Amino acid sequence: MTASADLTEISEVDDPFALFQAWLTEAEATEPNDANAMAVATAGQDGMPSVRMILLKGIDDRGFVFYTNTESPKGRQLAENAKAGLCFHWKSLRRQVRVRGPVERVSEAEADAYFATRPRGSQIGAWASVQSTTLPSRTALEDRIEAFERDYAGGDVPRPAHWSGYRVIPDVIEFWLDRPFRLHDRLVYRRHGGAWVTERVYP
């Protein structure tokens, strides 16, 4: 069989969000865990990029949403430079999606609604963790967790003011499909005004 006989293409559709959702749904059935895991790259005023794995928590035709401590390094970088890149990699499907674009904060109502769906332990953790600052000992974290559990015993846990969500509004979404001999298929959607323009690019 020749290399060209092995090649297939990503099916092109008008709406890249619909294609992404279809791929995510397939990944949820095949990945061993966290099919919604994504790398998030940010950079502050110094231009030095930082990247970390977090979870996608919302997707619609406005963009891709994740939640975090806004006083964390990523939150501070986004305050200085409201742009981000995302990368999803589904090893079981041999697929990848890259996204880049400007970032906006979600509304207070959106953040409150999502926070209310989190397990109580995660809600307490959002209060107890001073994210990315020096932790003197594990006991110090456990003590903070116990203190906030006492504070909110018997009642709902409110969302901390320093915990919210960010929406990446894509200018570019690239779908990548692994093919033999590294002759991968790459389909790129670029936002042009109110429409999406597509092109295939060399692997």
# chains A, B, ... in the order shown; residues from 1 in each chain; ligands from 1
$ residues_around --residues "A:Arg76" --least-positions-apart "4" --cutoff "10 Å" --atoms "only C-alpha atoms" --output "list in words"
Thr42, Ala43, Gly44, Gln45, Asn69, Thr70, Glu71, Ser72, Glu80, Asn81 and Ala82 of chain A
$ write_last_selection --atoms "N, CA and C atoms" --output "PDB file, in the first residue's frame"
ATOM      1  N   THR A  42      -0.143  31.105  28.418  1.00  0.00           N
ATOM      2  CA  THR A  42      -0.325  32.538  28.621  1.00  0.00           C
ATOM      3  C   THR A  42       1.046  33.194  28.698  1.00  0.00           C
ATOM      4  N   ALA A  43       1.065  34.505  28.567  1.00  0.00           N
ATOM      5  CA  ALA A  43       2.308  35.277  28.720  1.00  0.00           C
ATOM      6  C   ALA A  43       1.949  36.652  29.250  1.00  0.00           C
ATOM      7  N   GLY A  44       2.745  37.124  30.187  1.00  0.00           N
ATOM      8  CA  GLY A  44       2.521  38.454  30.740  1.00  0.00           C
ATOM      9  C   GLY A  44       3.268  39.517  29.955  1.00  0.00           C
ATOM     10  N   GLN A  45       3.490  40.652  30.596  1.00  0.00           N
ATOM     11  CA  GLN A  45       4.162  41.761  29.928  1.00  0.00           C
ATOM     12  C   GLN A  45       5.598  41.432  29.534  1.00  0.00           C
ATOM     13  N   ASN A  69      -8.152  30.502  40.002  1.00  0.00           N
ATOM     14  CA  ASN A  69      -7.889  31.601  40.927  1.00  0.00           C
ATOM     15  C   ASN A  69      -7.354  32.774  40.111  1.00  0.00           C
ATOM     16  N   THR A  70      -8.028  33.897  40.146  1.00  0.00           N
ATOM     17  CA  THR A  70      -7.627  35.036  39.312  1.00  0.00           C
ATOM     18  C   THR A  70      -6.336  35.693  39.801  1.00  0.00           C
ATOM     19  N   GLU A  71      -5.901  35.346  41.029  1.00  0.00           N
ATOM     20  CA  GLU A  71      -4.657  35.876  41.563  1.00  0.00           C
ATOM     21  C   GLU A  71      -3.479  34.931  41.324  1.00  0.00           C
ATOM     22  N   SER A  72      -3.724  33.836  40.601  1.00  0.00           N
ATOM     23  CA  SER A  72      -2.678  32.878  40.249  1.00  0.00           C
ATOM     24  C   SER A  72      -1.789  33.470  39.161  1.00  0.00           C
ATOM     25  N   GLU A  80      -2.460  41.164  32.399  1.00  0.00           N
ATOM     26  CA  GLU A  80      -1.473  41.966  31.677  1.00  0.00           C
ATOM     27  C   GLU A  80      -1.588  41.810  30.158  1.00  0.00           C
ATOM     28  N   ASN A  81      -1.976  40.625  29.723  1.00  0.00           N
ATOM     29  CA  ASN A  81      -2.000  40.298  28.298  1.00  0.00           C
ATOM     30  C   ASN A  81      -3.134  39.321  28.060  1.00  0.00           C
ATOM     31  N   ALA A  82      -4.297  39.840  27.721  1.00  0.00           N
ATOM     32  CA  ALA A  82      -5.523  39.033  27.658  1.00  0.00           C
ATOM     33  C   ALA A  82      -5.603  38.227  26.371  1.00  0.00           C
TER      34      ALA A  82
END
$ select_by_dssp --residues "stretch 76-202 of chain A" --states "strand (DSSP E)" --output "NGL selection string"
:A and (83-90 or 95-105 or 163-168 or 172-177 or 185-192 or 195-200)
$ write_last_selection --atoms "N, CA and C atoms" --output "tab-separated table (two decimals), in the first residue's frame"
chain	number	residue	atom	x	y	z
A	83	LYS	N	-4.64	37.32	26.21
A	83	LYS	CA	-4.61	36.42	25.06
A	83	LYS	C	-4.12	35.06	25.55
A	84	ALA	N	-4.57	33.99	24.89
A	84	ALA	CA	-4.16	32.66	25.32
A	84	ALA	C	-4.17	31.69	24.15
A	85	GLY	N	-3.43	30.61	24.32
A	85	GLY	CA	-3.46	29.50	23.39
A	85	GLY	C	-3.88	28.25	24.14
A	86	LEU	N	-4.66	27.40	23.50
A	86	LEU	CA	-5.10	26.13	24.07
A	86	LEU	C	-4.64	24.99	23.16
A	87	CYS	N	-4.40	23.83	23.76
A	87	CYS	CA	-4.11	22.64	22.97
A	87	CYS	C	-4.76	21.42	23.62
A	88	PHE	N	-5.60	20.73	22.88
A	88	PHE	CA	-6.20	19.47	23.29
A	88	PHE	C	-5.48	18.35	22.55
A	89	HIS	N	-5.13	17.28	23.26
A	89	HIS	CA	-4.50	16.13	22.61
A	89	HIS	C	-5.20	14.87	23.09
A	90	TRP	N	-5.82	14.15	22.16
A	90	TRP	CA	-6.51	12.91	22.49
A	90	TRP	C	-5.71	11.75	21.90
A	95	ARG	N	-5.65	12.58	17.70
A	95	ARG	CA	-6.16	13.87	17.25
A	95	ARG	C	-5.67	14.98	18.17
A	96	GLN	N	-5.65	16.17	17.62
A	96	GLN	CA	-5.24	17.35	18.37
A	96	GLN	C	-6.04	18.55	17.87
A	97	VAL	N	-6.35	19.46	18.79
A	97	VAL	CA	-6.99	20.73	18.41
A	97	VAL	C	-6.22	21.85	19.09
A	98	ARG	N	-5.86	22.86	18.29
A	98	ARG	CA	-5.20	24.05	18.83
A	98	ARG	C	-6.12	25.25	18.64
A	99	VAL	N	-6.12	26.12	19.66
A	99	VAL	CA	-6.98	27.31	19.67
A	99	VAL	C	-6.14	28.49	20.11
A	100	ARG	N	-6.35	29.66	19.51
A	100	ARG	CA	-5.73	30.86	20.05
A	100	ARG	C	-6.64	32.06	19.81
A	101	GLY	N	-6.55	33.02	20.74
A	101	GLY	CA	-7.38	34.21	20.60
A	101	GLY	C	-7.38	35.03	21.86
A	102	PRO	N	-8.11	36.13	21.86
A	102	PRO	CA	-8.23	36.98	23.05
A	102	PRO	C	-9.05	36.30	24.13
A	103	VAL	N	-8.91	36.81	25.33
A	103	VAL	CA	-9.56	36.22	26.51
A	103	VAL	C	-10.38	37.28	27.22
A	104	GLU	N	-11.56	36.90	27.69
A	104	GLU	CA	-12.39	37.77	28.51
A	104	GLU	C	-12.82	37.03	29.76
A	105	ARG	N	-13.13	37.77	30.82
A	105	ARG	CA	-13.67	37.16	32.03
A	105	ARG	C	-15.13	36.81	31.78
A	163	TRP	N	-11.92	34.01	42.57
A	163	TRP	CA	-12.08	32.77	41.79
A	163	TRP	C	-13.14	33.01	40.71
A	164	SER	N	-12.76	32.85	39.46
A	164	SER	CA	-13.72	33.12	38.39
A	164	SER	C	-13.31	32.36	37.13
A	165	GLY	N	-13.95	32.71	36.03
A	165	GLY	CA	-13.70	32.00	34.78
A	165	GLY	C	-13.21	32.93	33.69
A	166	TYR	N	-12.59	32.32	32.69
A	166	TYR	CA	-12.08	33.03	31.52
A	166	TYR	C	-12.60	32.34	30.26
A	167	ARG	N	-12.92	33.14	29.29
A	167	ARG	CA	-13.39	32.61	28.00
A	167	ARG	C	-12.36	32.97	26.93
A	168	VAL	N	-11.81	31.96	26.28
A	168	VAL	CA	-10.94	32.18	25.13
A	168	VAL	C	-11.82	32.28	23.90
A	172	VAL	N	-8.46	31.58	15.77
A	172	VAL	CA	-7.99	30.45	14.97
A	172	VAL	C	-8.27	29.16	15.73
A	173	ILE	N	-8.80	28.16	15.02
A	173	ILE	CA	-8.96	26.81	15.57
A	173	ILE	C	-8.40	25.84	14.53
A	174	GLU	N	-7.43	25.05	14.94
A	174	GLU	CA	-6.82	24.09	14.02
A	174	GLU	C	-7.10	22.66	14.48
A	175	PHE	N	-7.61	21.85	13.57
A	175	PHE	CA	-7.86	20.43	13.83
A	175	PHE	C	-6.75	19.62	13.16
A	176	TRP	N	-6.21	18.68	13.90
A	176	TRP	CA	-5.04	17.90	13.46
A	176	TRP	C	-5.36	16.42	13.59
A	177	LEU	N	-5.11	15.67	12.54
A	177	LEU	CA	-5.35	14.23	12.53
A	177	LEU	C	-4.07	13.51	12.15
A	185	ASP	N	-3.09	15.34	8.61
A	185	ASP	CA	-4.09	16.22	8.02
A	185	ASP	C	-4.33	17.37	8.98
A	186	ARG	N	-4.29	18.61	8.48
A	186	ARG	CA	-4.48	19.80	9.30
A	186	ARG	C	-5.50	20.71	8.63
A	187	LEU	N	-6.58	20.96	9.34
A	187	LEU	CA	-7.66	21.83	8.85
A	187	LEU	C	-7.73	23.04	9.77
A	188	VAL	N	-7.57	24.23	9.21
A	188	VAL	CA	-7.51	25.46	10.00
A	188	VAL	C	-8.73	26.33	9.71
A	189	TYR	N	-9.39	26.78	10.78
A	189	TYR	CA	-10.49	27.75	10.70
A	189	TYR	C	-9.97	29.08	11.20
A	190	ARG	N	-10.13	30.14	10.41
A	190	ARG	CA	-9.74	31.49	10.81
A	190	ARG	C	-10.98	32.38	10.78
A	191	ARG	N	-11.13	33.15	11.85
A	191	ARG	CA	-12.27	34.05	11.91
A	191	ARG	C	-12.04	35.25	10.99
A	192	HIS	N	-13.01	35.52	10.14
A	192	HIS	CA	-12.92	36.66	9.23
A	192	HIS	C	-14.23	37.42	9.32
A	195	ALA	N	-17.61	35.48	9.98
A	195	ALA	CA	-17.62	34.15	9.37
A	195	ALA	C	-16.29	33.45	9.61
A	196	TRP	N	-16.26	32.15	9.32
A	196	TRP	CA	-15.05	31.36	9.41
A	196	TRP	C	-14.57	31.02	8.01
A	197	VAL	N	-13.28	31.17	7.79
A	197	VAL	CA	-12.63	30.79	6.54
A	197	VAL	C	-11.75	29.59	6.83
A	198	THR	N	-11.80	28.58	5.98
A	198	THR	CA	-11.02	27.37	6.22
A	198	THR	C	-9.91	27.21	5.19
A	199	GLU	N	-8.88	26.54	5.60
A	199	GLU	CA	-7.80	26.16	4.70
A	199	GLU	C	-7.12	24.92	5.25
A	200	ARG	N	-6.59	24.10	4.37
A	200	ARG	CA	-5.75	23.00	4.78
A	200	ARG	C	-4.30	23.45	4.63
$ atom_distance --atom1 "atom CA of A:Gly193" --atom2 "atom CA of A:Ala22"
24.6 Å
$ residues_around --residues "A:Leu141" --least-positions-apart "5" --cutoff "12 Å" --atoms "only C-alpha atoms" --output "JSON, numbers by chain"
{"A": [124, 125, 126, 127, 128, 129, 130, 131, 133, 134, 135, 136, 146, 147, 148]}
$ atom_distance --atom1 "atom CA of A:Phe64" --atom2 "atom CA of A:Pro170"
8.0 Å
$ closest_residue --among "A:Pro180, A:Gly58, A:Gly121, A:Gly154" --to "A:Val106" --atoms "only C-alpha atoms"
A:Gly58
$ select_by_dssp --residues "stretch 27-190 of chain A" --states "helix (DSSP H, G or I)" --output "ChimeraX atom specification"
/A:27-30,73-80,108-117,120-128,138-151,180-182
$ write_last_selection --atoms "N, CA and C atoms" --output "CSV table (one decimal), in the first residue's frame"
chain,number,residue,atom,x,y,z
A,27,ALA,N,-13.9,11.7,22.2
A,27,ALA,CA,-12.8,11.5,23.2
A,27,ALA,C,-13.3,11.1,24.5
A,28,GLU,N,-14.5,11.6,24.9
A,28,GLU,CA,-15.1,11.2,26.2
A,28,GLU,C,-15.4,9.7,26.3
A,29,ALA,N,-15.6,9.1,25.1
A,29,ALA,CA,-15.8,7.6,25.1
A,29,ALA,C,-14.6,6.8,25.0
A,30,THR,N,-13.4,7.4,24.6
A,30,THR,CA,-12.2,6.6,24.4
A,30,THR,C,-11.1,6.9,25.3
A,73,PRO,N,-0.7,32.8,38.9
A,73,PRO,CA,0.2,33.3,37.8
A,73,PRO,C,-0.6,33.5,36.5
A,74,LYS,N,-1.4,32.5,36.1
A,74,LYS,CA,-2.2,32.6,34.8
A,74,LYS,C,-3.1,33.8,34.9
A,75,GLY,N,-3.8,34.0,36.1
A,75,GLY,CA,-4.7,35.1,36.2
A,75,GLY,C,-4.0,36.5,36.1
A,76,ARG,N,-2.8,36.6,36.7
A,76,ARG,CA,-2.0,37.8,36.6
A,76,ARG,C,-1.5,38.1,35.2
A,77,GLN,N,-1.1,37.0,34.5
A,77,GLN,CA,-0.7,37.1,33.1
A,77,GLN,C,-1.8,37.6,32.2
A,78,LEU,N,-3.0,37.0,32.4
A,78,LEU,CA,-4.1,37.4,31.6
A,78,LEU,C,-4.6,38.8,31.9
A,79,ALA,N,-4.3,39.3,33.1
A,79,ALA,CA,-4.6,40.7,33.4
A,79,ALA,C,-3.7,41.6,32.6
A,80,GLU,N,-2.5,41.2,32.4
A,80,GLU,CA,-1.5,42.0,31.7
A,80,GLU,C,-1.6,41.8,30.2
A,108,GLU,N,-20.2,37.5,36.3
A,108,GLU,CA,-20.4,37.1,37.7
A,108,GLU,C,-21.4,36.0,37.8
A,109,ALA,N,-22.5,36.1,37.0
A,109,ALA,CA,-23.6,35.1,37.1
A,109,ALA,C,-23.1,33.8,36.6
A,110,GLU,N,-22.3,33.8,35.5
A,110,GLU,CA,-21.8,32.5,35.0
A,110,GLU,C,-20.8,31.9,36.0
A,111,ALA,N,-20.0,32.7,36.6
A,111,ALA,CA,-19.0,32.1,37.6
A,111,ALA,C,-19.8,31.6,38.8
A,112,ASP,N,-20.8,32.3,39.3
A,112,ASP,CA,-21.6,31.8,40.4
A,112,ASP,C,-22.3,30.5,40.1
A,113,ALA,N,-22.9,30.4,38.9
A,113,ALA,CA,-23.6,29.2,38.5
A,113,ALA,C,-22.7,28.0,38.4
A,114,TYR,N,-21.5,28.2,37.8
A,114,TYR,CA,-20.6,27.1,37.7
A,114,TYR,C,-20.1,26.7,39.1
A,115,PHE,N,-19.7,27.7,39.9
A,115,PHE,CA,-19.1,27.4,41.3
A,115,PHE,C,-20.1,26.5,42.1
A,116,ALA,N,-21.4,26.8,41.9
A,116,ALA,CA,-22.5,26.1,42.7
A,116,ALA,C,-22.5,24.6,42.3
A,117,THR,N,-22.0,24.3,41.1
A,117,THR,CA,-22.1,22.9,40.7
A,117,THR,C,-20.9,22.1,41.2
A,120,ARG,N,-18.5,20.1,47.2
A,120,ARG,CA,-18.2,21.0,48.3
A,120,ARG,C,-16.8,21.1,48.7
A,121,GLY,N,-16.1,19.9,48.6
A,121,GLY,CA,-14.7,19.9,48.9
A,121,GLY,C,-13.9,20.8,47.9
A,122,SER,N,-14.3,20.9,46.7
A,122,SER,CA,-13.6,21.8,45.7
A,122,SER,C,-13.9,23.2,46.0
A,123,GLN,N,-15.2,23.5,46.5
A,123,GLN,CA,-15.5,24.8,46.8
A,123,GLN,C,-14.7,25.3,48.0
A,124,ILE,N,-14.5,24.5,49.0
A,124,ILE,CA,-13.7,24.8,50.2
A,124,ILE,C,-12.3,25.0,49.7
A,125,GLY,N,-11.8,24.2,48.8
A,125,GLY,CA,-10.4,24.3,48.4
A,125,GLY,C,-10.1,25.6,47.7
A,126,ALA,N,-11.1,26.1,47.0
A,126,ALA,CA,-11.0,27.4,46.3
A,126,ALA,C,-10.7,28.5,47.3
A,127,TRP,N,-11.2,28.4,48.5
A,127,TRP,CA,-11.0,29.4,49.6
A,127,TRP,C,-9.6,29.1,50.3
A,128,ALA,N,-9.3,27.8,50.5
A,128,ALA,CA,-8.2,27.4,51.3
A,128,ALA,C,-6.8,27.5,50.6
A,138,ARG,N,2.2,20.6,54.3
A,138,ARG,CA,0.9,20.1,54.0
A,138,ARG,C,-0.1,20.4,55.1
A,139,THR,N,0.4,20.4,56.3
A,139,THR,CA,-0.4,20.6,57.5
A,139,THR,C,-1.1,22.0,57.4
A,140,ALA,N,-0.3,23.0,56.9
A,140,ALA,CA,-0.8,24.4,56.8
A,140,ALA,C,-2.0,24.4,55.9
A,141,LEU,N,-2.0,23.6,54.8
A,141,LEU,CA,-3.1,23.6,53.9
A,141,LEU,C,-4.3,22.9,54.6
A,142,GLU,N,-4.0,21.8,55.2
A,142,GLU,CA,-5.1,21.1,55.9
A,142,GLU,C,-5.7,22.0,57.0
A,143,ASP,N,-4.9,22.8,57.7
A,143,ASP,CA,-5.5,23.7,58.7
A,143,ASP,C,-6.4,24.7,58.1
A,144,ARG,N,-6.0,25.2,56.9
A,144,ARG,CA,-6.9,26.2,56.3
A,144,ARG,C,-8.2,25.6,55.8
A,145,ILE,N,-8.1,24.4,55.3
A,145,ILE,CA,-9.3,23.7,54.9
A,145,ILE,C,-10.2,23.5,56.1
A,146,GLU,N,-9.7,23.0,57.2
A,146,GLU,CA,-10.5,22.9,58.4
A,146,GLU,C,-11.2,24.2,58.8
A,147,ALA,N,-10.4,25.3,58.7
A,147,ALA,CA,-10.9,26.6,59.2
A,147,ALA,C,-12.1,27.0,58.3
A,148,PHE,N,-12.0,26.8,57.0
A,148,PHE,CA,-13.1,27.3,56.1
A,148,PHE,C,-14.3,26.3,56.2
A,149,GLU,N,-14.0,25.0,56.5
A,149,GLU,CA,-15.1,24.1,56.7
A,149,GLU,C,-15.9,24.5,57.9
A,150,ARG,N,-15.2,25.0,59.0
A,150,ARG,CA,-15.9,25.5,60.2
A,150,ARG,C,-16.7,26.8,59.8
A,151,ASP,N,-16.1,27.7,59.0
A,151,ASP,CA,-16.7,28.9,58.7
A,151,ASP,C,-18.0,28.7,57.9
A,180,PRO,N,-0.1,8.4,8.6
A,180,PRO,CA,1.1,7.6,8.4
A,180,PRO,C,2.2,8.5,7.8
A,181,PHE,N,3.5,8.2,8.2
A,181,PHE,CA,4.7,8.9,7.7
A,181,PHE,C,4.7,10.4,8.0
A,182,ARG,N,4.0,10.8,9.1
A,182,ARG,CA,3.9,12.2,9.5
A,182,ARG,C,3.3,13.1,8.5
$ atom_distance --atom1 "atom CA of A:Leu93" --atom2 "atom CA of A:Ala39"
17.3 Å
$ residues_around --residues "A:Ile54" --least-positions-apart "4" --cutoff "10 Å" --atoms "only C-alpha atoms" --output "list of chain:residue names"
A:Asp34, A:Asn36, A:Ala37, A:Met38, A:Ala39, A:Val40, A:Phe66, A:Tyr67, A:Thr68, A:Leu86
$ closest_residue --among "A:Pro160, A:Gly194, A:Asp178, A:Gly47" --to "A:Asp15" --atoms "only C-alpha atoms"
A:Gly194
$ residues_around --residues "A:Ala18" --least-positions-apart "6" --cutoff "10 Å" --atoms "only C-alpha atoms" --output "list in words"
Leu24, Ile59, Asp60 and Asp61 of chain A
